[in-house]
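**Q** Sharing a structure below in structure tokens format, with a few things to ask.
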Amino acid sequence: MTEVPINGAEAAEEAVEAPPRPLPDHPTLAGLLEQFDAVEWRLSSGQDTAVVPKSQLRDFALAARTAGFEMLVDLTAVDYLRVRKIRFEVVVGLLSLQHNIRLRLRVPVPAGEPGDDPTVPSLVPVYPGANFFERETFDMFGIIFEDHPDLTRILLPDDWVGHPLRKDFAIGAVPVQFKSSPQVT
Amino acid sequence: MDQAVTPPGIILTSLGKVANWARTRSMWPATFGLACCAIEMMAAGTAHYDLARFGMEVFRASPRQADLMIVAGRVSQKMAPVLRNVYDQMPEPKWVISMGACASTGGMFNNYALVQGVDQIVPVDVYVPGCPPGPQSLIHGILTLQNKIMSGEITY
Amino acid sequence: MAEDTRAPKPAREHRDVWITAEEAPDWMSHSTDEGAQTMRLDESQQRLVEQMGVRVADDYVLDDQISEDERMIINMGPQHPSTHGVMRLQIELEGEIVRRVKPIIGYLHTGMEKTGESLMYMQGGTNVTRMDYIAPLFNELVFALATEKLLEVEIPPRAQAIRILMTELNRVASHLVSLATQGMDVGALSMMLYGFRERELILAFFEKTTGLRMNHNYIRAGGVAADLPDGWEEDIAEIVEKIPIGVADYEDLLKANPIWEGRTRGVGVISAEECLAYGITGPPLRATGVDLDLRKSQPYSGIEQYEFDVAVGSNGDVYDRYRIRVQEILQSLRIVQQVANRMPAGDYRTDDRKVTPPPRKRIDESMEALIHHFKLFTEGFKVPEGEAYVAIESPRGEIGCYIVSDGSAKPYRMHIRAPSFANLQGLPIMLADSLVADSVATIASVDAVMGDVDR
């Protein structure tokens with residue numbers, strides 16, 4: 001993949017549209033986001049997205065649940081190795097049945113020091129359903145969810161080394177004999 | 001059997017044939033359904049394709065009662081030890097059909113998670129191609145195995 | 001909803017287990033009696049809520065208060081006929097009663113999300129369709145919808161109608177497999193034969209249309225791979241006519257069957273609050289009385305123009321889930337009939353040349369069209385930078401696709417929110433304090449497809 005300076009482009013964009021803090025149209029979302037100064041709101045291909053600092057993640061999730069987001073439908077992560085300054089991003093999908101809206105939380109998680117894994121607070125105390133999703137994200141990205149009740153590998157064998165969905169983990173293809181492909185990693 | 005007057009050696013080989021005939025006509029597969037192919041294996045066992053016509057419908061849940069393992073689906077690195085364990089529990093003589101592209105070669109998933117071909121773990125007698133192979137293909141694979149046993153190509 | 005489910009768990013008393021505390025110390029003596037399963041029918045809502053996450057922990061800490069000869073941990077799977085694939089359960093038993101369950105998954109982990117990053121958007125369908133292999137068209141549809149959301153292409157009405165037609169037929173086929181295997185697990189073996197009999201009708205139509213019985217790669221970004229085959233109206237008419245007859249057979253067989261009712265009513269109960277807390281969607285959620293159906297609440301591909309009802313249960317037990325699946329079969333056939341009646345004319349894929357190749361005729365005539373075709377299939381189309389999450393209602397619940405694009409022809413990150421994966425979290429709750437014989441019925445009613453869980 002080519003190295004796209006997404007970060008730089010985004011920073012420039014933010015500087016232009018800075019002053020009045022943008023807020024979503026939906027009153028529930030607007031009310032929720034007003035409570036948190038550090039949370040940024042964005043519209044990402046038609047979807048309300050909140051960029052939440054990881055220190056406020058649990059408080060924000062609790063407020064979101066109180067505001068009517070009953071269900072955590074999805075939790076995953078993206079590895080922006082060499083694309084963004086902050087390497088990981090945990091992405092949480094919330095669904096509100098009563099308002100029939102979705103909210104996506106994006107939590108930038110910096111990679112730790114070498115040999116030290118990135119950490120983010122667990123959402124299990126707020127949404128028990130985050131349990132499996134966080135275990136999967138830990139398994140695939142090596143992101144430690146603090147205070148998770150049972151943060152163990154879920155999909156891969158227990159003695160596995162590495163986290164496959166990180167960008168620096170090769171896909172692990174074996175060369176196919178009949179074509180001796182040179183570029184197989 | 002029609003050669004009762006011939007010397008005893010011939011009778012022994014004929015007995016082998018009888019044994020092979022018996023083995024092919026009531027071969028009990030172990031249910032080793034893993035993924036997509038398992039659904040087609042189930043479809044092969046039900047009324048529309050009716051595997052019972054070939055004396056094969058008795059899918060055994062316990063490997064100790066089975067003599068054919070149909071590896072139906074992709075075998076992950078986590079599943080591989082289990083698969084070998086199940087194979088070891090089956091009594092001799094035993095045969096293995098590798099059903100589908102994933103079981104045979106890893107299929108389209110040439111990655112860290114899958115065993116690239118179940119023949120790295122257990123000896124395979126018949127490979128059934130397809131993704132997934134239709135029930136007809138599976139039945140054809142089973143009949144091929146029966147023929148191989150009958151003709152003495154696979155011996156025990 | 002409990003504020004902090006990780007609080008130290010109170011030690012469980014034996015008599016706490018049954019819901020009314022009056023049933024005092026002799027609970028063990030009649031727990032295996034006939035009719036003991038129906039005890040949970042009297043369970044209060046309050047008690048169900050209390051159960052959430054408190055009783056069923058995901059870790060195995062041995063409770064010293066249980067005497068050694070009563071507690072036993074058994075291992076079920078990964079090679080077990082009624083786990084529907086390669087799921088493994090660690091079940092802690094006291095006598096015949098299940099206390100705690102820990103699902104152990106990953107035995108079918110195929111690394112599809114990693115593979116998806118190395119496949120172009122056009123090839124991605126072959127990858128995702130192998131996830132939930134009982135309902136493959138839903139995987140393709142959600143992947144195509146997420147790609148289209150980033151591409152911002154218009155899908156012609158005929159393509160949308162074909163998508164709805166195919167996915168709703170797939171829903172019928174999926175529920176038929178679910179009913180068939182559930183029947184087999186509980187002991188109604190005829191159900192297995194009947195369910196697969198009707199499914200063959202649909203699979204024959206799929207084979208005719210897409211070329212494959214399963215794993216079609218039929219729904220692609222920009223439309224579908226091919227138009228419906230000639231004579232599809234007759235095939236659909238046959239399906240719509242014959243499957244309700246089959247369903248009537250199942251109703252005769254199961255609906256008022258006292259054995260079936262005894263094995264399913266009041267078994268594997270989960271409450272609406274628990275479902276919401278654990279992200280459980282689809283028939284298990286609707287069986288508790290919540291009418292969350294994304295086809296109604298957040299419609300996709302023009303499904304809002306067809307009339308259908310959302311089947312909702314009330315007790316949240318195995319029987320209600322079974323009823324919902326039967327009704328959804330009939331409702332889906334209703335949608336199929338409506339789609340067939342007013343199938344719009346037009347193209348089956350978008351005419352946006354960025355995404356779809358030129359028509360076959362133009363390739364013969366024009367060099368540019370040939371080059372265009374070649375480039376599209378070797379280099380793929382580029383998808384604008386951005387991220388998108390799309391969710392649709394699969395037979396198992398909300399299936400979602402989250403794609404992050406960096407502007408190239410391959411997704412930077414492709415994630416599928418698998419409904420079975422989330423629904424499996426409810427299994428420990430459904431199984432807690434039930435009889436071990438009921439576990440098979442409960443597992444079958446969740447209808448988790450392991451390919452979907454492990455991906």
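Labels used: A, B, ... for chains in the order of the structure tokens, numbers from 1 for residues in each chain, and numbers from 1 for ligands as shown.
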Would you kindly report the residues of chain B within 12 Å of chain A, using only C-alpha atoms, as a list in words?
**A**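 Putting it all together, I get Ser76, Gln77, Lys78, Met79, Ala80, Pro81, Val82, Thr105, Gly106, Gly107, Met108, Phe109, Asn110, Asn111, Tyr112, Ala113, Leu114, Val115, Gln116 and Gly117 of chain B.
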**Q** Based on the backbone DSSP call, show me all residues of region 22-121 of chain B assigned helix (DSSP H, G or I), as a PyMOL selection string.
**A** chain B and resi 22-25+36-45+51-54+63-65+80-89+100-105+118-120
**Q** Using only C-alpha atoms, select each residue of chain C with any atom at most 8 Å away from an atom of chain A, and give the selection as a PyMOL selection string.
**A** chain C and resi 3-6+53+58-59+104-107+109+113-115+149-150+276-279+292+297-298+386-388+406+413+415+417+421-422+425+454
**Q** Nearest to chain B: which of C:Gln160, C:Ser405, C:Ser394, C:Asn127 is it, counting only C-alpha atoms?
**A**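 Nearest candidate to chain B out of C:Gln160, C:Ser405, C:Ser394, C:Asn127: C:Asn127.
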**Q** Give me every strand (DSSP E) residue in chain B, going by DSSP on the backbone, as a short mmCIF file (atom, residue, chain, number, x, y, z; two decimals) with all heavy atoms, in the first residue's frame.
**A**
```cif
data_model
loop_
_atom_site.label_atom_id
_atom_site.label_comp_id
_atom_site.auth_asym_id
_atom_site.auth_seq_id
_atom_site.Cartn_x
_atom_site.Cartn_y
_atom_site.Cartn_z
N PRO B 29 -19.52 -43.44 7.60
CA PRO B 29 -18.71 -42.22 7.69
C PRO B 29 -18.83 -41.57 9.07
O PRO B 29 -19.89 -41.62 9.69
CB PRO B 29 -19.31 -41.30 6.62
CG PRO B 29 -20.40 -42.07 5.96
CD PRO B 29 -20.75 -43.20 6.86
N ALA B 30 -17.75 -40.97 9.51
CA ALA B 30 -17.80 -40.13 10.71
C ALA B 30 -18.27 -38.75 10.29
O ALA B 30 -17.89 -38.25 9.24
CB ALA B 30 -16.42 -40.04 11.35
N LEU B 68 -14.84 -44.26 7.77
CA LEU B 68 -14.53 -43.29 6.72
C LEU B 68 -14.65 -41.90 7.31
O LEU B 68 -15.65 -41.58 7.95
CB LEU B 68 -15.50 -43.43 5.54
CG LEU B 68 -15.48 -42.32 4.51
CD1 LEU B 68 -14.17 -42.29 3.78
CD2 LEU B 68 -16.62 -42.49 3.53
N MET B 69 -13.61 -41.10 7.12
CA MET B 69 -13.70 -39.71 7.58
C MET B 69 -13.82 -38.82 6.36
O MET B 69 -12.94 -38.82 5.50
CB MET B 69 -12.48 -39.33 8.40
CG MET B 69 -12.58 -37.94 8.96
SD MET B 69 -11.54 -37.68 10.39
CE MET B 69 -10.01 -37.33 9.62
N ILE B 70 -14.95 -38.12 6.26
CA ILE B 70 -15.12 -37.15 5.18
C ILE B 70 -14.77 -35.79 5.75
O ILE B 70 -15.53 -35.24 6.55
CB ILE B 70 -16.56 -37.16 4.63
CG1 ILE B 70 -16.93 -38.55 4.12
CG2 ILE B 70 -16.71 -36.15 3.52
CD1 ILE B 70 -18.36 -38.67 3.66
N VAL B 71 -13.61 -35.28 5.42
CA VAL B 71 -13.21 -33.97 5.93
C VAL B 71 -13.90 -32.93 5.06
O VAL B 71 -13.47 -32.62 3.96
CB VAL B 71 -11.68 -33.79 5.88
CG1 VAL B 71 -11.30 -32.47 6.49
CG2 VAL B 71 -11.01 -34.92 6.61
N ALA B 72 -15.01 -32.40 5.56
CA ALA B 72 -15.85 -31.53 4.76
C ALA B 72 -15.65 -30.10 5.19
O ALA B 72 -16.32 -29.61 6.08
CB ALA B 72 -17.32 -31.94 4.91
N TRP B 95 -10.51 -44.91 6.06
CA TRP B 95 -10.22 -44.16 4.84
C TRP B 95 -10.58 -42.69 5.05
O TRP B 95 -11.37 -42.38 5.94
CB TRP B 95 -11.03 -44.72 3.67
CG TRP B 95 -10.72 -46.15 3.39
CD1 TRP B 95 -9.67 -46.61 2.66
CD2 TRP B 95 -11.43 -47.30 3.84
NE1 TRP B 95 -9.68 -47.98 2.64
CE2 TRP B 95 -10.75 -48.44 3.35
CE3 TRP B 95 -12.56 -47.49 4.63
CZ2 TRP B 95 -11.16 -49.74 3.61
CZ3 TRP B 95 -12.98 -48.78 4.90
CH2 TRP B 95 -12.29 -49.89 4.38
N VAL B 96 -10.02 -41.84 4.23
CA VAL B 96 -10.27 -40.41 4.35
C VAL B 96 -10.63 -39.85 2.98
O VAL B 96 -9.95 -40.14 1.99
CB VAL B 96 -9.04 -39.66 4.91
CG1 VAL B 96 -9.31 -38.17 4.95
CG2 VAL B 96 -8.67 -40.16 6.27
N ILE B 97 -11.73 -39.13 2.94
CA ILE B 97 -12.07 -38.36 1.74
C ILE B 97 -11.89 -36.90 2.08
O ILE B 97 -12.40 -36.42 3.09
CB ILE B 97 -13.52 -38.63 1.29
CG1 ILE B 97 -13.65 -40.03 0.71
CG2 ILE B 97 -13.96 -37.60 0.27
CD1 ILE B 97 -15.04 -40.36 0.23
N SER B 98 -11.12 -36.20 1.27
CA SER B 98 -10.95 -34.77 1.45
C SER B 98 -11.95 -34.08 0.55
O SER B 98 -11.84 -34.12 -0.67
CB SER B 98 -9.52 -34.38 1.10
OG SER B 98 -9.44 -33.02 0.87
N MET B 99 -12.96 -33.47 1.17
CA MET B 99 -14.07 -32.92 0.39
C MET B 99 -13.87 -31.42 0.22
O MET B 99 -13.81 -30.67 1.19
CB MET B 99 -15.39 -33.21 1.10
CG MET B 99 -16.60 -32.68 0.37
SD MET B 99 -18.09 -33.04 1.30
CE MET B 99 -19.32 -32.35 0.22
N VAL B 126 -9.19 -40.10 -1.34
CA VAL B 126 -9.87 -39.51 -2.48
C VAL B 126 -10.05 -38.02 -2.23
O VAL B 126 -10.43 -37.62 -1.12
CB VAL B 126 -11.26 -40.18 -2.71
CG1 VAL B 126 -12.04 -39.42 -3.76
CG2 VAL B 126 -11.11 -41.62 -3.11
N TYR B 127 -9.73 -37.22 -3.23
CA TYR B 127 -9.99 -35.78 -3.16
C TYR B 127 -11.22 -35.47 -3.99
O TYR B 127 -11.30 -35.89 -5.15
CB TYR B 127 -8.82 -34.99 -3.72
CG TYR B 127 -7.52 -35.18 -2.97
CD1 TYR B 127 -6.65 -36.19 -3.33
CD2 TYR B 127 -7.18 -34.33 -1.94
CE1 TYR B 127 -5.46 -36.37 -2.64
CE2 TYR B 127 -5.99 -34.49 -1.26
CZ TYR B 127 -5.13 -35.52 -1.62
OH TYR B 127 -3.97 -35.68 -0.94
N VAL B 128 -12.15 -34.75 -3.41
CA VAL B 128 -13.34 -34.34 -4.16
C VAL B 128 -13.21 -32.86 -4.47
O VAL B 128 -13.17 -32.05 -3.55
CB VAL B 128 -14.63 -34.62 -3.36
CG1 VAL B 128 -15.84 -34.21 -4.17
CG2 VAL B 128 -14.71 -36.07 -2.98
#
```
**Q** Define the interface residues of chain C facing chain B as those within 8 Å, counting only C-alpha atoms, and report them as number ranges by chain.
**A** C: 78-81, 85-86, 106-112, 115, 130, 133-134, 192-193, 196-197, 200, 213-215, 450-451
**Q** Hey, can you spit out that residue selection with C-alpha atoms as a tab-separated table (two decimals), in the first residue's frame?
**A**
```
chain	number	residue	atom	x	y	z
C	78	PRO	CA	-15.51	-29.31	18.81
C	79	GLN	CA	-16.40	-32.46	16.99
C	80	HIS	CA	-19.96	-32.98	18.08
C	81	PRO	CA	-22.95	-33.51	15.80
C	85	GLY	CA	-20.02	-27.17	13.19
C	86	VAL	CA	-16.99	-26.90	15.30
C	106	GLY	CA	-12.18	-20.28	16.61
C	107	TYR	CA	-11.97	-23.82	15.28
C	108	LEU	CA	-13.06	-22.58	11.89
C	109	HIS	CA	-11.07	-19.37	11.86
C	110	THR	CA	-10.20	-18.80	8.24
C	111	GLY	CA	-8.58	-15.39	8.34
C	112	MET	CA	-11.11	-13.97	5.93
C	115	THR	CA	-7.63	-12.24	3.05
C	130	ARG	CA	-17.97	-18.19	2.45
C	133	TYR	CA	-22.35	-20.40	4.31
C	134	ILE	CA	-26.01	-21.13	4.99
C	192	MET	CA	-34.46	-33.21	8.73
C	193	LEU	CA	-35.64	-34.99	5.61
C	196	PHE	CA	-33.82	-30.51	3.06
C	197	ARG	CA	-36.48	-31.61	0.59
C	200	GLU	CA	-33.51	-28.39	-2.80
C	213	ARG	CA	-25.73	-24.12	-5.07
C	214	MET	CA	-23.85	-22.24	-2.40
C	215	ASN	CA	-21.15	-19.58	-2.23
C	450	MET	CA	-19.65	-21.42	12.83
C	451	GLY	CA	-18.30	-20.03	9.59
```
**Q** I'd like the contact shell of Gly289 (chain C) - 6 Å cut-off, only C-alpha atoms, skipping same-chain residues fewer than 5 positions apart - returned as a VMD selection string.
**A** chain C and resid 312 to 314
**Q** Using only C-alpha atoms, determine which residues lie at most 12 Å from Arg42 (chain A), disregarding the query and same-chain residues fewer than 2 positions distant; provide the list as a ChimeraX atom specification.
**A** /A:10,14,17,21-25,29-30,33,39-40,44-52,103-106 /C:387
**Q** Just want the 8 Å neighbourhood of Ile74 (chain C), counted on only C-alpha atoms, with same-chain residues fewer than 4 positions away dropped. Output as a list of chain:residue names.
**A**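 Here the qualifying residues turn out to be C:Gln90, C:Ile91, C:Glu92, C:Leu93.
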**Q** Restricted to N, CA, C and O atoms, what would the selected residues look like written as a PDB file, in the first residue's frame?
**A**
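Output saved as selection_33.pdb:
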```pdb
ATOM      1  N   GLN C  90     -17.547 -25.616  27.183  1.00  0.00           N
ATOM      2  CA  GLN C  90     -17.203 -26.179  28.479  1.00  0.00           C
ATOM      3  C   GLN C  90     -18.416 -25.970  29.366  1.00  0.00           C
ATOM      4  O   GLN C  90     -18.861 -24.846  29.563  1.00  0.00           O
ATOM      5  N   ILE C  91     -18.949 -27.047  29.859  1.00  0.00           N
ATOM      6  CA  ILE C  91     -20.190 -26.967  30.613  1.00  0.00           C
ATOM      7  C   ILE C  91     -19.915 -27.425  32.035  1.00  0.00           C
ATOM      8  O   ILE C  91     -19.393 -28.525  32.242  1.00  0.00           O
ATOM      9  N   GLU C  92     -20.243 -26.570  32.968  1.00  0.00           N
ATOM     10  CA  GLU C  92     -20.097 -26.954  34.361  1.00  0.00           C
ATOM     11  C   GLU C  92     -21.438 -27.475  34.846  1.00  0.00           C
ATOM     12  O   GLU C  92     -22.444 -26.769  34.807  1.00  0.00           O
ATOM     13  N   LEU C  93     -21.430 -28.689  35.295  1.00  0.00           N
ATOM     14  CA  LEU C  93     -22.677 -29.341  35.680  1.00  0.00           C
ATOM     15  C   LEU C  93     -22.701 -29.590  37.170  1.00  0.00           C
ATOM     16  O   LEU C  93     -21.669 -29.861  37.788  1.00  0.00           O
TER      17      LEU C  93
END
```
**Q** Using only C-alpha atoms for the distances, tell me which of C:Tyr250, C:Tyr306, C:Tyr412, C:Tyr402 is nearest to Leu145 (chain C).
**A**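 Closest candidate: C:Tyr402.
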**Q** Might you pull out every residue within 8 Å of Arg263 (chain C), with only C-alpha atoms counted and same-chain residues fewer than 3 positions away left off, and present them as a PyMOL selection string?
**A** chain C and resi 186+259-260+267+438+441
**Q** Using CA of Glu328 (chain C) and CA of Ala311 (chain C) as the two end points, give the distance in Å to one decimal.
**A**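 The value is 6.5 Å.
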**Q** If we count only C-alpha atoms, what is near Asp235 (chain C) at a cut-off of 12 Å, once residues fewer than 3 positions away on the same chain are taken out, given as JSON, numbers by chain?
**A** {"C": [169, 201, 202, 203, 204, 205, 206, 207, 208, 209, 228, 229, 230, 231, 232, 238, 239, 240, 241, 242, 243, 336, 337, 340]}
**Q** To one decimal place in Å, what is the distance between CA of Val124 (chain B) and CA of Asn75 (chain C)?
**A**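 Atom-to-atom, CA of Val124 (chain B) and CA of Asn75 (chain C) are spaced 28.5 Å apart.
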**Q** Find the residue from A:Val107, A:Asp168, A:Arg135, A:Ser96 that sits nearest to Arg82 (chain A); use only C-alpha atoms when measuring.
**A**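 Checking each candidate against Arg82 (chain A), we get A:Asp168 as the closest.
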**Q** One decimal, Å: what's the distance from CA of Val310 (chain C) over to CA of Gly187 (chain C), could you say?
**A**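 Value for the CA of Val310 (chain C)-CA of Gly187 (chain C) distance: 28.8 Å.
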